>>> print(open('data06.pdb').read())   # PDB, C-alpha atoms, pLDDT in the B column
MODEL        1
ATOM      1  CA  MET A   1     -40.089 -44.636  60.186  1.00 61.00           C
ATOM      2  CA  LYS A   2     -42.923 -44.076  57.712  1.00 65.00           C
ATOM      3  CA  THR A   3     -40.978 -41.235  56.077  1.00 69.00           C
ATOM      4  CA  LYS A   4     -37.887 -43.430  55.735  1.00 66.00           C
ATOM      5  CA  GLN A   5     -39.941 -46.182  54.012  1.00 66.00           C
ATOM      6  CA  ASN A   6     -41.495 -43.631  51.651  1.00 62.00           C
ATOM      7  CA  LEU A   7     -38.048 -42.242  50.811  1.00 60.00           C
ATOM      8  CA  ILE A   8     -36.670 -45.741  50.071  1.00 67.00           C
ATOM      9  CA  LEU A   9     -39.736 -46.524  47.940  1.00 59.00           C
ATOM     10  CA  PHE A  10     -39.353 -43.209  46.063  1.00 60.00           C
ATOM     11  CA  VAL A  11     -35.648 -43.839  45.370  1.00 59.00           C
ATOM     12  CA  PHE A  12     -36.390 -47.386  44.165  1.00 55.00           C
ATOM     13  CA  VAL A  13     -39.226 -46.240  41.837  1.00 55.00           C
ATOM     14  CA  ALA A  14     -37.121 -43.336  40.483  1.00 57.00           C
ATOM     15  CA  PHE A  15     -34.170 -45.672  39.869  1.00 56.00           C
ATOM     16  CA  PHE A  16     -36.335 -48.371  38.250  1.00 54.00           C
ATOM     17  CA  PHE A  17     -38.217 -46.074  35.858  1.00 58.00           C
ATOM     18  CA  GLY A  18     -35.334 -43.646  35.310  1.00 58.00           C
ATOM     19  CA  CYS A  19     -32.899 -46.222  33.946  1.00 55.00           C
ATOM     20  CA  GLU A  20     -32.444 -46.522  30.219  1.00 55.00           C
ATOM     21  CA  LYS A  21     -30.960 -49.518  28.448  1.00 54.00           C
ATOM     22  CA  ILE A  22     -27.618 -48.576  26.961  1.00 56.00           C
ATOM     23  CA  GLY A  23     -27.126 -49.359  23.284  1.00 55.00           C
ATOM     24  CA  VAL A  24     -30.792 -49.985  22.479  1.00 55.00           C
ATOM     25  CA  ASP A  25     -32.300 -47.620  19.920  1.00 53.00           C
ATOM     26  CA  PRO A  26     -35.800 -46.640  21.082  1.00 54.00           C
ATOM     27  CA  ASN A  27     -36.763 -46.033  17.418  1.00 53.00           C
ATOM     28  CA  PRO A  28     -35.212 -48.870  15.409  1.00 51.00           C
ATOM     29  CA  PRO A  29     -35.161 -48.365  11.626  1.00 52.00           C
ATOM     30  CA  GLY A  30     -37.846 -50.043   9.530  1.00 51.00           C
ATOM     31  CA  PRO A  31     -37.224 -53.090   7.340  1.00 50.00           C
ATOM     32  CA  ASN A  32     -34.705 -52.649   4.570  1.00 54.00           C
ATOM     33  CA  PRO A  33     -36.125 -53.449   1.090  1.00 52.00           C
ATOM     34  CA  ALA A  34     -32.741 -54.917   0.153  1.00 59.00           C
ATOM     35  CA  ASP A  35     -33.167 -57.473   2.961  1.00 69.00           C
ATOM     36  CA  ASP A  36     -36.832 -58.216   2.215  1.00 78.00           C
ATOM     37  CA  PRO A  37     -37.728 -58.308  -1.501  1.00 80.00           C
ATOM     38  CA  ARG A  38     -41.453 -58.494  -0.670  1.00 83.00           C
ATOM     39  CA  LEU A  39     -41.399 -54.831   0.372  1.00 87.00           C
ATOM     40  CA  LYS A  40     -40.889 -53.857  -3.266  1.00 88.00           C
ATOM     41  CA  PHE A  41     -44.377 -55.204  -4.095  1.00 90.00           C
ATOM     42  CA  LYS A  42     -46.188 -53.911  -1.006  1.00 92.00           C
ATOM     43  CA  GLY A  43     -48.883 -51.347  -1.774  1.00 94.00           C
ATOM     44  CA  VAL A  44     -52.314 -50.630  -3.201  1.00 97.00           C
ATOM     45  CA  TYR A  45     -52.677 -50.918  -6.982  1.00 96.00           C
ATOM     46  CA  ASN A  46     -55.270 -49.527  -9.386  1.00 97.00           C
ATOM     47  CA  MET A  47     -55.729 -52.560 -11.619  1.00 96.00           C
ATOM     48  CA  THR A  48     -57.308 -52.998 -15.073  1.00 96.00           C
ATOM     49  CA  GLN A  49     -58.489 -56.281 -16.545  1.00 94.00           C
ATOM     50  CA  LEU A  50     -57.147 -56.201 -20.114  1.00 93.00           C
ATOM     51  CA  GLU A  51     -59.829 -58.646 -21.302  1.00 91.00           C
ATOM     52  CA  ASN A  52     -62.764 -56.328 -20.567  1.00 92.00           C
ATOM     53  CA  GLY A  53     -61.385 -53.000 -19.299  1.00 92.00           C
ATOM     54  CA  ILE A  54     -62.884 -53.333 -15.807  1.00 94.00           C
ATOM     55  CA  ASN A  55     -60.990 -51.413 -13.113  1.00 96.00           C
ATOM     56  CA  TYR A  56     -60.577 -52.467  -9.488  1.00 96.00           C
ATOM     57  CA  THR A  57     -58.225 -51.988  -6.547  1.00 97.00           C
ATOM     58  CA  MET A  58     -55.866 -54.721  -5.313  1.00 96.00           C
ATOM     59  CA  SER A  59     -53.465 -54.593  -2.387  1.00 96.00           C
ATOM     60  CA  ILE A  60     -50.327 -56.599  -1.662  1.00 94.00           C
ATOM     61  CA  ASP A  61     -48.917 -56.817   1.845  1.00 93.00           C
ATOM     62  CA  THR A  62     -46.270 -58.819   3.693  1.00 89.00           C
ATOM     63  CA  LEU A  63     -46.846 -61.463   6.339  1.00 84.00           C
ATOM     64  CA  GLY A  64     -44.526 -63.469   8.575  1.00 75.00           C
ATOM     65  CA  ALA A  65     -42.367 -66.395   7.576  1.00 64.00           C
ATOM     66  CA  PHE A  66     -44.125 -69.226   5.729  1.00 56.00           C
ATOM     67  CA  CYS A  67     -41.261 -71.726   5.842  1.00 62.00           C
ATOM     68  CA  ASN A  68     -37.500 -71.775   6.485  1.00 62.00           C
ATOM     69  CA  ASN A  69     -36.407 -70.514   3.065  1.00 62.00           C
ATOM     70  CA  CYS A  70     -39.436 -68.441   2.131  1.00 69.00           C
ATOM     71  CA  ASP A  71     -41.776 -65.761   3.400  1.00 79.00           C
ATOM     72  CA  SER A  72     -45.436 -65.064   2.827  1.00 85.00           C
ATOM     73  CA  ILE A  73     -47.368 -62.391   1.030  1.00 88.00           C
ATOM     74  CA  LYS A  74     -51.032 -61.373   1.226  1.00 92.00           C
ATOM     75  CA  PHE A  75     -53.236 -60.457  -1.745  1.00 93.00           C
ATOM     76  CA  GLU A  76     -56.481 -58.585  -1.160  1.00 95.00           C
ATOM     77  CA  ASN A  77     -58.977 -58.437  -4.027  1.00 96.00           C
ATOM     78  CA  PHE A  78     -56.693 -60.305  -6.455  1.00 94.00           C
ATOM     79  CA  ALA A  79     -58.424 -60.321  -9.875  1.00 94.00           C
ATOM     80  CA  ASN A  80     -61.342 -58.534  -8.197  1.00 94.00           C
ATOM     81  CA  LEU A  81     -62.312 -61.979  -6.829  1.00 94.00           C
ATOM     82  CA  PHE A  82     -59.876 -63.445  -4.306  1.00 94.00           C
ATOM     83  CA  TYR A  83     -58.352 -62.792  -0.890  1.00 93.00           C
ATOM     84  CA  PHE A  84     -55.459 -65.125  -0.086  1.00 91.00           C
ATOM     85  CA  ASN A  85     -52.076 -65.574   1.544  1.00 88.00           C
ATOM     86  CA  SER A  86     -49.305 -67.213  -0.413  1.00 86.00           C
ATOM     87  CA  LYS A  87     -45.790 -68.486  -0.057  1.00 82.00           C
ATOM     88  CA  PHE A  88     -43.292 -66.000  -1.504  1.00 80.00           C
ATOM     89  CA  ILE A  89     -39.999 -67.397  -2.729  1.00 74.00           C
ATOM     90  CA  LYS A  90     -37.083 -65.049  -3.219  1.00 71.00           C
ATOM     91  CA  ASN A  91     -36.509 -65.011  -6.950  1.00 65.00           C
ATOM     92  CA  SER A  92     -33.218 -64.390  -8.731  1.00 59.00           C
ATOM     93  CA  ASN A  93     -35.117 -61.787 -10.773  1.00 67.00           C
ATOM     94  CA  VAL A  94     -35.986 -59.305  -8.018  1.00 73.00           C
ATOM     95  CA  ASN A  95     -38.803 -57.762 -10.069  1.00 83.00           C
ATOM     96  CA  LYS A  96     -40.715 -61.053 -10.387  1.00 83.00           C
ATOM     97  CA  ILE A  97     -43.478 -61.783  -7.903  1.00 83.00           C
ATOM     98  CA  SER A  98     -44.060 -65.416  -7.067  1.00 79.00           C
ATOM     99  CA  TYR A  99     -47.360 -66.571  -5.627  1.00 82.00           C
ATOM    100  CA  PHE A 100     -48.781 -70.012  -4.987  1.00 81.00           C
ATOM    101  CA  PRO A 101     -52.524 -69.966  -4.226  1.00 86.00           C
ATOM    102  CA  ASN A 102     -54.294 -72.843  -2.540  1.00 85.00           C
ATOM    103  CA  ILE A 103     -56.344 -75.249  -4.623  1.00 88.00           C
ATOM    104  CA  PRO A 104     -59.270 -74.791  -4.723  1.00 92.00           C
ATOM    105  CA  MET A 105     -59.548 -71.040  -4.372  1.00 93.00           C
ATOM    106  CA  VAL A 106     -62.968 -69.762  -3.333  1.00 94.00           C
ATOM    107  CA  ASP A 107     -63.918 -66.426  -4.892  1.00 94.00           C
ATOM    108  CA  LYS A 108     -66.010 -63.745  -3.180  1.00 94.00           C
ATOM    109  CA  ASN A 109     -69.128 -65.248  -4.819  1.00 93.00           C
ATOM    110  CA  GLY A 110     -68.488 -68.648  -3.203  1.00 94.00           C
ATOM    111  CA  ASN A 111     -67.390 -70.409  -6.416  1.00 94.00           C
ATOM    112  CA  ARG A 112     -64.313 -72.634  -6.503  1.00 96.00           C
ATOM    113  CA  TRP A 113     -61.413 -72.264  -8.931  1.00 96.00           C
ATOM    114  CA  LYS A 114     -57.979 -73.538  -9.728  1.00 94.00           C
ATOM    115  CA  LEU A 115     -55.893 -70.350  -9.912  1.00 92.00           C
ATOM    116  CA  PHE A 116     -52.285 -70.496 -11.048  1.00 87.00           C
ATOM    117  CA  PRO A 117     -49.769 -67.963 -12.326  1.00 88.00           C
ATOM    118  CA  THR A 118     -48.705 -68.110 -15.966  1.00 86.00           C
ATOM    119  CA  GLY A 119     -45.730 -66.686 -17.820  1.00 73.00           C
ATOM    120  CA  ILE A 120     -43.388 -67.094 -14.842  1.00 61.00           C
ATOM    121  CA  SER A 121     -40.548 -68.636 -16.834  1.00 59.00           C
ATOM    122  CA  ASP A 122     -41.311 -66.707 -20.001  1.00 55.00           C
ATOM    123  CA  PRO A 123     -39.349 -63.406 -19.866  1.00 58.00           C
ATOM    124  CA  PRO A 124     -40.714 -61.991 -23.147  1.00 57.00           C
ATOM    125  CA  THR A 125     -44.229 -61.777 -21.642  1.00 63.00           C
ATOM    126  CA  HIS A 126     -43.025 -59.737 -18.644  1.00 80.00           C
ATOM    127  CA  CYS A 127     -45.738 -61.408 -16.579  1.00 87.00           C
ATOM    128  CA  ASN A 128     -46.003 -61.359 -12.798  1.00 88.00           C
ATOM    129  CA  ALA A 129     -43.457 -58.611 -12.523  1.00 88.00           C
ATOM    130  CA  LEU A 130     -43.060 -55.104 -11.199  1.00 90.00           C
ATOM    131  CA  TYR A 131     -41.675 -52.328 -13.397  1.00 90.00           C
ATOM    132  CA  GLY A 132     -41.246 -49.165 -11.353  1.00 90.00           C
ATOM    133  CA  ASP A 133     -44.723 -48.611  -9.904  1.00 93.00           C
ATOM    134  CA  SER A 134     -46.479 -50.733 -12.561  1.00 94.00           C
ATOM    135  CA  ILE A 135     -47.325 -54.394 -12.138  1.00 94.00           C
ATOM    136  CA  LYS A 136     -48.417 -56.992 -14.688  1.00 93.00           C
ATOM    137  CA  ILE A 137     -50.151 -60.109 -13.374  1.00 92.00           C
ATOM    138  CA  CYS A 138     -50.814 -63.104 -15.686  1.00 91.00           C
ATOM    139  CA  PHE A 139     -52.769 -66.109 -14.465  1.00 92.00           C
ATOM    140  CA  SER A 140     -55.200 -68.837 -15.424  1.00 93.00           C
ATOM    141  CA  LEU A 141     -58.549 -69.639 -13.854  1.00 94.00           C
ATOM    142  CA  ASN A 142     -60.153 -73.022 -14.382  1.00 95.00           C
ATOM    143  CA  ASN A 143     -63.246 -74.466 -12.703  1.00 96.00           C
ATOM    144  CA  ILE A 144     -63.463 -77.850 -14.435  1.00 94.00           C
ATOM    145  CA  LEU A 145     -63.392 -79.744 -11.126  1.00 94.00           C
ATOM    146  CA  TYR A 146     -66.079 -77.590  -9.497  1.00 94.00           C
ATOM    147  CA  TYR A 147     -68.440 -76.039 -12.051  1.00 93.00           C
ATOM    148  CA  PHE A 148     -71.082 -78.775 -11.925  1.00 93.00           C
ATOM    149  CA  GLU A 149     -71.346 -78.805  -8.115  1.00 93.00           C
ATOM    150  CA  ASP A 150     -71.168 -74.987  -7.956  1.00 93.00           C
ATOM    151  CA  GLY A 151     -73.934 -74.694 -10.579  1.00 94.00           C
ATOM    152  CA  VAL A 152     -71.974 -72.346 -12.860  1.00 94.00           C
ATOM    153  CA  PRO A 153     -70.811 -72.627 -16.483  1.00 96.00           C
ATOM    154  CA  TYR A 154     -67.439 -74.208 -17.180  1.00 97.00           C
ATOM    155  CA  GLN A 155     -64.662 -71.652 -17.671  1.00 96.00           C
ATOM    156  CA  ASN A 156     -60.997 -71.941 -18.584  1.00 96.00           C
ATOM    157  CA  LEU A 157     -59.573 -68.423 -18.691  1.00 93.00           C
ATOM    158  CA  SER A 158     -56.117 -67.052 -19.370  1.00 92.00           C
ATOM    159  CA  LEU A 159     -56.042 -63.500 -17.975  1.00 93.00           C
ATOM    160  CA  THR A 160     -53.732 -60.509 -17.819  1.00 92.00           C
ATOM    161  CA  HIS A 161     -54.248 -57.610 -15.426  1.00 95.00           C
ATOM    162  CA  VAL A 162     -52.068 -54.514 -15.205  1.00 95.00           C
ATOM    163  CA  GLY A 163     -51.919 -51.906 -12.501  1.00 96.00           C
ATOM    164  CA  VAL A 164     -50.194 -48.865 -11.099  1.00 96.00           C
ATOM    165  CA  ARG A 165     -49.345 -48.402  -7.439  1.00 96.00           C
ATOM    166  CA  GLN A 166     -51.265 -45.547  -5.804  1.00 93.00           C
TER     167      GLN A 166
ENDMDL
END
>>> encode(input="data06.pdb", output="structure tokens")
Amino acid sequence: MKTKQNLILFVFVAFFFGCEKIGVDPNPPGPNPADDPRLKFKGVYNMTQLENGINYTMSIDTLGAFCNNCDSIKFENFANLFYFNSKFIKNSNVNKISYFPNIPMVDKNGNRWKLFPTGISDPPTHCNALYGDSIKICFSLNNILYYFEDGVPYQNLSLTHVGVRQ
């Protein structure tokens, strides 16, 4: 009787673990860049601040859905100051990167800023766009609402940073 129970248990376990789902690829293909325009921007970039020649590394990565008609994107070490997630709206110009930082943005030194992209609707500047493996980011930083409380000098900066994907 014990042998019969062991045999039934063995057959059940072999059947259960030996079955394979038909039509399911065990190694599904990765995301298609044509379906997800954010993948074009994903990577680590060696960036240069054109205003002072300082070099730094910035990374761009994808995140889950932010809202029904948009996705999200993550910036690490943006402008050598900020780490943030942003809504990413699919643009008709597939080389343009759209980002919408929170206000205020807190930099890695604990100071608050209003950060906003510039040159988005100005094609001649080629700002906030990817060209092959090169990226050009244009943005403004302003601390007028926070400089007194943060104990720092007032600054209103218009900046351009360029980089090449590693």
>>> residues_around(input="data06.pdb", residues="stretch 99-116 of chain A", least_positions_apart="3", cutoff="10 Å", atoms="only C-alpha atoms", output="PyMOL selection string")
chain A and resi 72-75+77-89+96+128+138-147+149-152+155-158
>>> closest_residue(input="data06.pdb", among="A:Ile137, A:Ile97, A:Val162, A:Cys127", to="A:Lys42", atoms="only C-alpha atoms")
A:Ile97
>>> atom_distance(input="data06.pdb", atom1="atom CA of A:Asp61", atom2="atom CA of A:Asp36")
12.2 Å
>>> atom_distance(input="data06.pdb", atom1="atom CA of A:Val164", atom2="atom CA of A:Gly43")
9.7 Å
>>> atom_distance(input="data06.pdb", atom1="atom CA of A:Arg38", atom2="atom CA of A:Leu159")
23.2 Å
>>> resolve_selection(input="data06.pdb", expression="the PyMOL selection byres ((chain A and resi 59) around 6)", output="ChimeraX atom specification")
/A:43-45,58,60,75-76
>>> write_last_selection(input="data06.pdb", atoms="C-alpha atoms", output="mmCIF file, in the frame of the given file")
data_model
loop_
_atom_site.group_PDB
_atom_site.id
_atom_site.type_symbol
_atom_site.label_atom_id
_atom_site.label_comp_id
_atom_site.auth_asym_id
_atom_site.auth_seq_id
_atom_site.Cartn_x
_atom_site.Cartn_y
_atom_site.Cartn_z
ATOM 1 C CA GLY A 43 -48.883 -51.347 -1.774
ATOM 2 C CA VAL A 44 -52.314 -50.630 -3.201
ATOM 3 C CA TYR A 45 -52.677 -50.918 -6.982
ATOM 4 C CA MET A 58 -55.866 -54.721 -5.313
ATOM 5 C CA ILE A 60 -50.327 -56.599 -1.662
ATOM 6 C CA PHE A 75 -53.236 -60.457 -1.745
ATOM 7 C CA GLU A 76 -56.481 -58.585 -1.160
#
